[in-house]
Amino acid sequence: MWKGSVSIKLAKELECQVKGIDIMQDFIENAKKKAQEFKVETLCEFIVGDINQYVEAEKGYDILILGAVGEVLGNQEETLNKLSKTIKKDGYVLLDDAYARSDSNEIYITKKKWIEIIEKSGYQMVEDLLVDESEFSGVLNEQIM
């Protein structure tokens, strides 16, 4: 996986407009190069910026992708509440993040806790797609390198 991969794949498969925002210039440059490689640069807009500012101004999205940003927008509940203002009434949030197998994990919350937060925030989980552990290890190593 590379930076912007989900957005680029959606643009390619669905021929839809996508916008990616990240504070990291290198991530944005990488996403722009990949969009050109996949010949979807006219469908993709990648911007260097603080997501906290954009989440206040952006409105009317059909789908919003939250890609493992940690607590940049606040805790999980605060994040989902902020994001609800950016999507259409019948829009979707694609949550691309991990969860812990047990409460002893200090970094991630459990799936059960995520579901509670999702429901409390007024969302409904439509589908839960699991990544194979061997695939996850490869992605994790690629992200760290």
# chains A, B, ... in the order shown; residues from 1 in each chain; ligands from 1

$ select_by_dssp --residues "chain A" --states "alpha helix (DSSP H)" --output "PyMOL selection string"
chain A and resi 5-14+25-37+51-57+76-84+111-120+133-144

$ closest_atom_pairs --of "range 49-83 of chain A" --to "range 113-129 of chain A" --cutoff "12 Å" --atoms "only C-alpha atoms" --output "JSON lines"
{"residue": "A:Asn75", "atom": "CA", "partner": "A:Ile117", "partner_atom": "CA", "distance": 10.1}
{"residue": "A:Gln76", "atom": "CA", "partner": "A:Ile117", "partner_atom": "CA", "distance": 7.1}
{"residue": "A:Glu77", "atom": "CA", "partner": "A:Ile117", "partner_atom": "CA", "distance": 5.8}
{"residue": "A:Glu78", "atom": "CA", "partner": "A:Ser121", "partner_atom": "CA", "distance": 8.6}
{"residue": "A:Thr79", "atom": "CA", "partner": "A:Ser121", "partner_atom": "CA", "distance": 9.5}
{"residue": "A:Leu80", "atom": "CA", "partner": "A:Ser121", "partner_atom": "CA", "distance": 6.5}
{"residue": "A:Asn81", "atom": "CA", "partner": "A:Ser121", "partner_atom": "CA", "distance": 6.2}
{"residue": "A:Lys82", "atom": "CA", "partner": "A:Ser121", "partner_atom": "CA", "distance": 9.9}
{"residue": "A:Leu83", "atom": "CA", "partner": "A:Ser121", "partner_atom": "CA", "distance": 10.2}

$ closest_residue --among "A:Ser102, A:Thr86, A:Thr110, A:Gln36" --to "Gly4 in chain A" --atoms "only C-alpha atoms"
A:Gln36

$ closest_residue --among "A:Ala31, A:Val72, A:Lys12, A:Leu66" --to "Asn52 in chain A" --atoms "only C-alpha atoms"
A:Val72

$ residues_around --residues "Ala35 in chain A" --least-positions-apart "3" --cutoff "12 Å" --atoms "only C-alpha atoms" --output "CSV table (one decimal) with N, CA and C atoms, in the first residue's frame"
chain,number,residue,atom,x,y,z
A,2,TRP,N,0.4,2.3,-0.5
A,2,TRP,CA,1.1,3.6,-0.6
A,2,TRP,C,0.2,4.7,-0.2
A,3,LYS,N,0.7,5.8,0.1
A,3,LYS,CA,-0.1,7.0,0.5
A,3,LYS,C,-1.1,7.3,-0.6
A,4,GLY,N,-2.4,7.5,-0.2
A,4,GLY,CA,-3.4,7.8,-1.2
A,4,GLY,C,-4.0,6.6,-1.9
A,5,SER,N,-3.6,5.4,-1.5
A,5,SER,CA,-4.0,4.2,-2.3
A,5,SER,C,-5.5,4.0,-2.3
A,6,VAL,N,-6.1,4.2,-1.2
A,6,VAL,CA,-7.6,3.9,-1.2
A,6,VAL,C,-8.3,5.0,-2.1
A,7,SER,N,-7.9,6.2,-2.0
A,7,SER,CA,-8.5,7.3,-2.8
A,7,SER,C,-8.2,7.0,-4.3
A,8,ILE,N,-7.0,6.7,-4.6
A,8,ILE,CA,-6.7,6.4,-6.0
A,8,ILE,C,-7.4,5.2,-6.6
A,9,LYS,N,-7.5,4.2,-5.8
A,9,LYS,CA,-8.3,3.0,-6.3
A,9,LYS,C,-9.7,3.3,-6.5
A,10,LEU,N,-10.3,4.1,-5.6
A,10,LEU,CA,-11.7,4.5,-5.8
A,10,LEU,C,-11.9,5.4,-7.0
A,11,ALA,N,-11.0,6.3,-7.2
A,11,ALA,CA,-11.0,7.1,-8.4
A,11,ALA,C,-10.9,6.3,-9.7
A,12,LYS,N,-10.1,5.3,-9.7
A,12,LYS,CA,-9.8,4.4,-10.8
A,12,LYS,C,-11.1,3.5,-11.1
A,17,GLN,N,-14.4,11.8,-8.3
A,17,GLN,CA,-13.5,12.8,-7.8
A,17,GLN,C,-13.2,12.4,-6.4
A,18,VAL,N,-11.9,12.6,-6.0
A,18,VAL,CA,-11.4,12.4,-4.7
A,18,VAL,C,-10.5,13.5,-4.2
A,19,LYS,N,-10.5,13.7,-2.9
A,19,LYS,CA,-9.6,14.8,-2.4
A,19,LYS,C,-8.9,14.1,-1.2
A,20,GLY,N,-7.6,14.3,-1.1
A,20,GLY,CA,-6.8,13.8,0.0
A,20,GLY,C,-6.1,14.9,0.7
A,28,ILE,N,1.8,13.6,0.4
A,28,ILE,CA,1.0,14.2,-0.7
A,28,ILE,C,1.7,14.1,-2.0
A,29,GLU,N,3.0,14.3,-2.1
A,29,GLU,CA,3.8,14.2,-3.3
A,29,GLU,C,3.7,12.7,-3.8
A,30,ASN,N,3.8,11.8,-2.9
A,30,ASN,CA,3.8,10.4,-3.2
A,30,ASN,C,2.4,10.0,-3.8
A,31,ALA,N,1.3,10.5,-3.2
A,31,ALA,CA,0.0,10.3,-3.7
A,31,ALA,C,-0.2,10.9,-5.1
A,32,LYS,N,0.3,12.1,-5.3
A,32,LYS,CA,0.2,12.7,-6.6
A,32,LYS,C,0.9,11.9,-7.7
A,38,PHE,N,-1.4,5.9,-12.2
A,38,PHE,CA,-2.7,5.1,-12.5
A,38,PHE,C,-3.6,5.9,-13.4
A,39,LYS,N,-3.1,7.0,-13.9
A,39,LYS,CA,-3.8,7.9,-14.9
A,39,LYS,C,-5.2,8.4,-14.4
A,40,VAL,N,-5.2,8.8,-13.1
A,40,VAL,CA,-6.4,9.4,-12.5
A,40,VAL,C,-6.1,10.8,-11.9
A,41,GLU,N,-5.0,11.4,-12.3
A,41,GLU,CA,-4.6,12.7,-11.7
A,41,GLU,C,-5.7,13.7,-11.9
A,42,THR,N,-6.5,13.6,-13.0
A,42,THR,CA,-7.6,14.6,-13.2
A,42,THR,C,-8.7,14.4,-12.2
A,43,LEU,N,-8.8,13.2,-11.6
A,43,LEU,CA,-9.9,12.9,-10.7
A,43,LEU,C,-9.4,13.1,-9.2
A,44,CYS,N,-8.1,13.3,-9.0
A,44,CYS,CA,-7.6,13.3,-7.7
A,44,CYS,C,-7.0,14.7,-7.3
A,45,GLU,N,-7.3,15.2,-6.2
A,45,GLU,CA,-6.8,16.4,-5.7
A,45,GLU,C,-6.1,16.1,-4.3
A,46,PHE,N,-4.8,16.2,-4.2
A,46,PHE,CA,-4.1,16.0,-3.0
A,46,PHE,C,-3.5,17.3,-2.4

$ atom_distance --atom1 "CA of Gly60 in chain A" --atom2 "CA of Leu94 in chain A"
15.2 Å

$ decode --residues "range 55-89 of chain A" --atoms "N, CA, C and O atoms" --output "PDB file, in the first residue's frame"
ATOM      1  N   VAL A  55     -11.706  19.980   8.088  1.00  0.00           N
ATOM      2  CA  VAL A  55     -12.914  19.309   8.567  1.00  0.00           C
ATOM      3  C   VAL A  55     -13.977  20.330   8.980  1.00  0.00           C
ATOM      4  O   VAL A  55     -15.170  20.038   8.948  1.00  0.00           O
ATOM      5  N   GLU A  56     -13.557  21.531   9.313  1.00  0.00           N
ATOM      6  CA  GLU A  56     -14.503  22.597   9.649  1.00  0.00           C
ATOM      7  C   GLU A  56     -15.156  23.189   8.398  1.00  0.00           C
ATOM      8  O   GLU A  56     -16.287  23.650   8.438  1.00  0.00           O
ATOM      9  N   ALA A  57     -14.435  23.191   7.284  1.00  0.00           N
ATOM     10  CA  ALA A  57     -14.908  23.862   6.073  1.00  0.00           C
ATOM     11  C   ALA A  57     -15.524  22.932   5.028  1.00  0.00           C
ATOM     12  O   ALA A  57     -16.405  23.339   4.282  1.00  0.00           O
ATOM     13  N   GLU A  58     -15.055  21.705   4.968  1.00  0.00           N
ATOM     14  CA  GLU A  58     -15.511  20.774   3.928  1.00  0.00           C
ATOM     15  C   GLU A  58     -16.912  20.259   4.244  1.00  0.00           C
ATOM     16  O   GLU A  58     -17.211  19.905   5.381  1.00  0.00           O
ATOM     17  N   LYS A  59     -17.754  20.194   3.221  1.00  0.00           N
ATOM     18  CA  LYS A  59     -19.147  19.743   3.386  1.00  0.00           C
ATOM     19  C   LYS A  59     -19.605  18.992   2.143  1.00  0.00           C
ATOM     20  O   LYS A  59     -19.067  19.164   1.061  1.00  0.00           O
ATOM     21  N   GLY A  60     -20.633  18.165   2.314  1.00  0.00           N
ATOM     22  CA  GLY A  60     -21.337  17.575   1.182  1.00  0.00           C
ATOM     23  C   GLY A  60     -20.688  16.377   0.519  1.00  0.00           C
ATOM     24  O   GLY A  60     -20.965  16.094  -0.642  1.00  0.00           O
ATOM     25  N   TYR A  61     -19.871  15.642   1.243  1.00  0.00           N
ATOM     26  CA  TYR A  61     -19.223  14.473   0.655  1.00  0.00           C
ATOM     27  C   TYR A  61     -20.122  13.238   0.723  1.00  0.00           C
ATOM     28  O   TYR A  61     -20.866  13.050   1.680  1.00  0.00           O
ATOM     29  N   ASP A  62     -20.038  12.415  -0.305  1.00  0.00           N
ATOM     30  CA  ASP A  62     -20.746  11.134  -0.317  1.00  0.00           C
ATOM     31  C   ASP A  62     -20.029  10.129   0.579  1.00  0.00           C
ATOM     32  O   ASP A  62     -20.670   9.366   1.296  1.00  0.00           O
ATOM     33  N   ILE A  63     -18.716  10.116   0.468  1.00  0.00           N
ATOM     34  CA  ILE A  63     -17.885   9.181   1.243  1.00  0.00           C
ATOM     35  C   ILE A  63     -16.685   9.937   1.792  1.00  0.00           C
ATOM     36  O   ILE A  63     -16.066  10.734   1.093  1.00  0.00           O
ATOM     37  N   LEU A  64     -16.370   9.662   3.029  1.00  0.00           N
ATOM     38  CA  LEU A  64     -15.178  10.215   3.650  1.00  0.00           C
ATOM     39  C   LEU A  64     -14.328   9.046   4.125  1.00  0.00           C
ATOM     40  O   LEU A  64     -14.845   8.109   4.732  1.00  0.00           O
ATOM     41  N   ILE A  65     -13.049   9.083   3.832  1.00  0.00           N
ATOM     42  CA  ILE A  65     -12.136   8.014   4.256  1.00  0.00           C
ATOM     43  C   ILE A  65     -11.291   8.537   5.396  1.00  0.00           C
ATOM     44  O   ILE A  65     -10.601   9.547   5.257  1.00  0.00           O
ATOM     45  N   LEU A  66     -11.359   7.874   6.522  1.00  0.00           N
ATOM     46  CA  LEU A  66     -10.524   8.213   7.672  1.00  0.00           C
ATOM     47  C   LEU A  66      -9.430   7.161   7.759  1.00  0.00           C
ATOM     48  O   LEU A  66      -9.676   6.025   8.125  1.00  0.00           O
ATOM     49  N   GLY A  67      -8.244   7.541   7.376  1.00  0.00           N
ATOM     50  CA  GLY A  67      -7.135   6.597   7.294  1.00  0.00           C
ATOM     51  C   GLY A  67      -6.180   6.652   8.458  1.00  0.00           C
ATOM     52  O   GLY A  67      -5.163   7.331   8.377  1.00  0.00           O
ATOM     53  N   ALA A  68      -6.516   5.986   9.551  1.00  0.00           N
ATOM     54  CA  ALA A  68      -5.621   5.791  10.691  1.00  0.00           C
ATOM     55  C   ALA A  68      -4.882   7.066  11.083  1.00  0.00           C
ATOM     56  O   ALA A  68      -3.664   7.126  11.063  1.00  0.00           O
ATOM     57  N   VAL A  69      -5.621   8.092  11.459  1.00  0.00           N
ATOM     58  CA  VAL A  69      -5.001   9.361  11.812  1.00  0.00           C
ATOM     59  C   VAL A  69      -4.745   9.507  13.308  1.00  0.00           C
ATOM     60  O   VAL A  69      -4.274  10.543  13.759  1.00  0.00           O
ATOM     61  N   GLY A  70      -5.058   8.468  14.079  1.00  0.00           N
ATOM     62  CA  GLY A  70      -4.871   8.574  15.523  1.00  0.00           C
ATOM     63  C   GLY A  70      -5.856   9.581  16.098  1.00  0.00           C
ATOM     64  O   GLY A  70      -6.993   9.681  15.649  1.00  0.00           O
ATOM     65  N   GLU A  71      -5.399  10.353  17.057  1.00  0.00           N
ATOM     66  CA  GLU A  71      -6.283  11.312  17.722  1.00  0.00           C
ATOM     67  C   GLU A  71      -6.057  12.743  17.232  1.00  0.00           C
ATOM     68  O   GLU A  71      -6.200  13.704  17.979  1.00  0.00           O
ATOM     69  N   VAL A  72      -5.746  12.880  15.951  1.00  0.00           N
ATOM     70  CA  VAL A  72      -5.522  14.194  15.353  1.00  0.00           C
ATOM     71  C   VAL A  72      -6.763  15.072  15.474  1.00  0.00           C
ATOM     72  O   VAL A  72      -6.672  16.273  15.685  1.00  0.00           O
ATOM     73  N   LEU A  73      -7.937  14.484  15.362  1.00  0.00           N
ATOM     74  CA  LEU A  73      -9.196  15.228  15.454  1.00  0.00           C
ATOM     75  C   LEU A  73      -9.850  15.089  16.823  1.00  0.00           C
ATOM     76  O   LEU A  73     -10.990  15.486  17.011  1.00  0.00           O
ATOM     77  N   GLY A  74      -9.154  14.504  17.772  1.00  0.00           N
ATOM     78  CA  GLY A  74      -9.701  14.228  19.095  1.00  0.00           C
ATOM     79  C   GLY A  74      -9.800  12.723  19.279  1.00  0.00           C
ATOM     80  O   GLY A  74      -9.287  11.945  18.478  1.00  0.00           O
ATOM     81  N   ASN A  75     -10.491  12.307  20.341  1.00  0.00           N
ATOM     82  CA  ASN A  75     -10.661  10.865  20.536  1.00  0.00           C
ATOM     83  C   ASN A  75     -11.600  10.317  19.459  1.00  0.00           C
ATOM     84  O   ASN A  75     -12.114  11.073  18.632  1.00  0.00           O
ATOM     85  N   GLN A  76     -11.833   9.038  19.466  1.00  0.00           N
ATOM     86  CA  GLN A  76     -12.625   8.409  18.403  1.00  0.00           C
ATOM     87  C   GLN A  76     -14.026   9.003  18.287  1.00  0.00           C
ATOM     88  O   GLN A  76     -14.517   9.263  17.187  1.00  0.00           O
ATOM     89  N   GLU A  77     -14.667   9.236  19.415  1.00  0.00           N
ATOM     90  CA  GLU A  77     -16.021   9.785  19.396  1.00  0.00           C
ATOM     91  C   GLU A  77     -16.016  11.229  18.862  1.00  0.00           C
ATOM     92  O   GLU A  77     -16.853  11.594  18.033  1.00  0.00           O
ATOM     93  N   GLU A  78     -15.077  12.037  19.318  1.00  0.00           N
ATOM     94  CA  GLU A  78     -14.969  13.416  18.834  1.00  0.00           C
ATOM     95  C   GLU A  78     -14.692  13.434  17.328  1.00  0.00           C
ATOM     96  O   GLU A  78     -15.262  14.237  16.594  1.00  0.00           O
ATOM     97  N   THR A  79     -13.835  12.525  16.891  1.00  0.00           N
ATOM     98  CA  THR A  79     -13.495  12.441  15.470  1.00  0.00           C
ATOM     99  C   THR A  79     -14.722  12.128  14.631  1.00  0.00           C
ATOM    100  O   THR A  79     -15.005  12.811  13.645  1.00  0.00           O
ATOM    101  N   LEU A  80     -15.488  11.111  15.017  1.00  0.00           N
ATOM    102  CA  LEU A  80     -16.685  10.749  14.252  1.00  0.00           C
ATOM    103  C   LEU A  80     -17.715  11.875  14.258  1.00  0.00           C
ATOM    104  O   LEU A  80     -18.376  12.120  13.245  1.00  0.00           O
ATOM    105  N   ASN A  81     -17.848  12.568  15.380  1.00  0.00           N
ATOM    106  CA  ASN A  81     -18.795  13.690  15.440  1.00  0.00           C
ATOM    107  C   ASN A  81     -18.375  14.812  14.498  1.00  0.00           C
ATOM    108  O   ASN A  81     -19.216  15.407  13.815  1.00  0.00           O
ATOM    109  N   LYS A  82     -17.079  15.115  14.444  1.00  0.00           N
ATOM    110  CA  LYS A  82     -16.593  16.156  13.527  1.00  0.00           C
ATOM    111  C   LYS A  82     -16.803  15.728  12.074  1.00  0.00           C
ATOM    112  O   LYS A  82     -17.208  16.534  11.238  1.00  0.00           O
ATOM    113  N   LEU A  83     -16.533  14.483  11.784  1.00  0.00           N
ATOM    114  CA  LEU A  83     -16.652  13.997  10.410  1.00  0.00           C
ATOM    115  C   LEU A  83     -18.096  13.970   9.936  1.00  0.00           C
ATOM    116  O   LEU A  83     -18.363  14.129   8.745  1.00  0.00           O
ATOM    117  N   SER A  84     -19.034  13.787  10.845  1.00  0.00           N
ATOM    118  CA  SER A  84     -20.450  13.724  10.456  1.00  0.00           C
ATOM    119  C   SER A  84     -20.906  15.021   9.799  1.00  0.00           C
ATOM    120  O   SER A  84     -21.845  15.026   9.010  1.00  0.00           O
ATOM    121  N   LYS A  85     -20.227  16.110  10.081  1.00  0.00           N
ATOM    122  CA  LYS A  85     -20.594  17.407   9.503  1.00  0.00           C
ATOM    123  C   LYS A  85     -20.074  17.573   8.079  1.00  0.00           C
ATOM    124  O   LYS A  85     -20.469  18.489   7.380  1.00  0.00           O
ATOM    125  N   THR A  86     -19.182  16.686   7.641  1.00  0.00           N
ATOM    126  CA  THR A  86     -18.586  16.823   6.305  1.00  0.00           C
ATOM    127  C   THR A  86     -19.287  15.964   5.257  1.00  0.00           C
ATOM    128  O   THR A  86     -19.105  16.190   4.071  1.00  0.00           O
ATOM    129  N   ILE A  87     -20.076  14.984   5.694  1.00  0.00           N
ATOM    130  CA  ILE A  87     -20.720  14.087   4.739  1.00  0.00           C
ATOM    131  C   ILE A  87     -22.205  14.426   4.586  1.00  0.00           C
ATOM    132  O   ILE A  87     -22.809  15.018   5.462  1.00  0.00           O
ATOM    133  N   LYS A  88     -22.751  14.017   3.446  1.00  0.00           N
ATOM    134  CA  LYS A  88     -24.178  14.170   3.209  1.00  0.00           C
ATOM    135  C   LYS A  88     -24.955  13.337   4.214  1.00  0.00           C
ATOM    136  O   LYS A  88     -24.403  12.407   4.815  1.00  0.00           O
ATOM    137  N   LYS A  89     -26.233  13.629   4.356  1.00  0.00           N
ATOM    138  CA  LYS A  89     -27.081  12.900   5.309  1.00  0.00           C
ATOM    139  C   LYS A  89     -27.020  11.392   5.080  1.00  0.00           C
ATOM    140  O   LYS A  89     -26.996  10.614   6.016  1.00  0.00           O
TER     141      LYS A  89
END
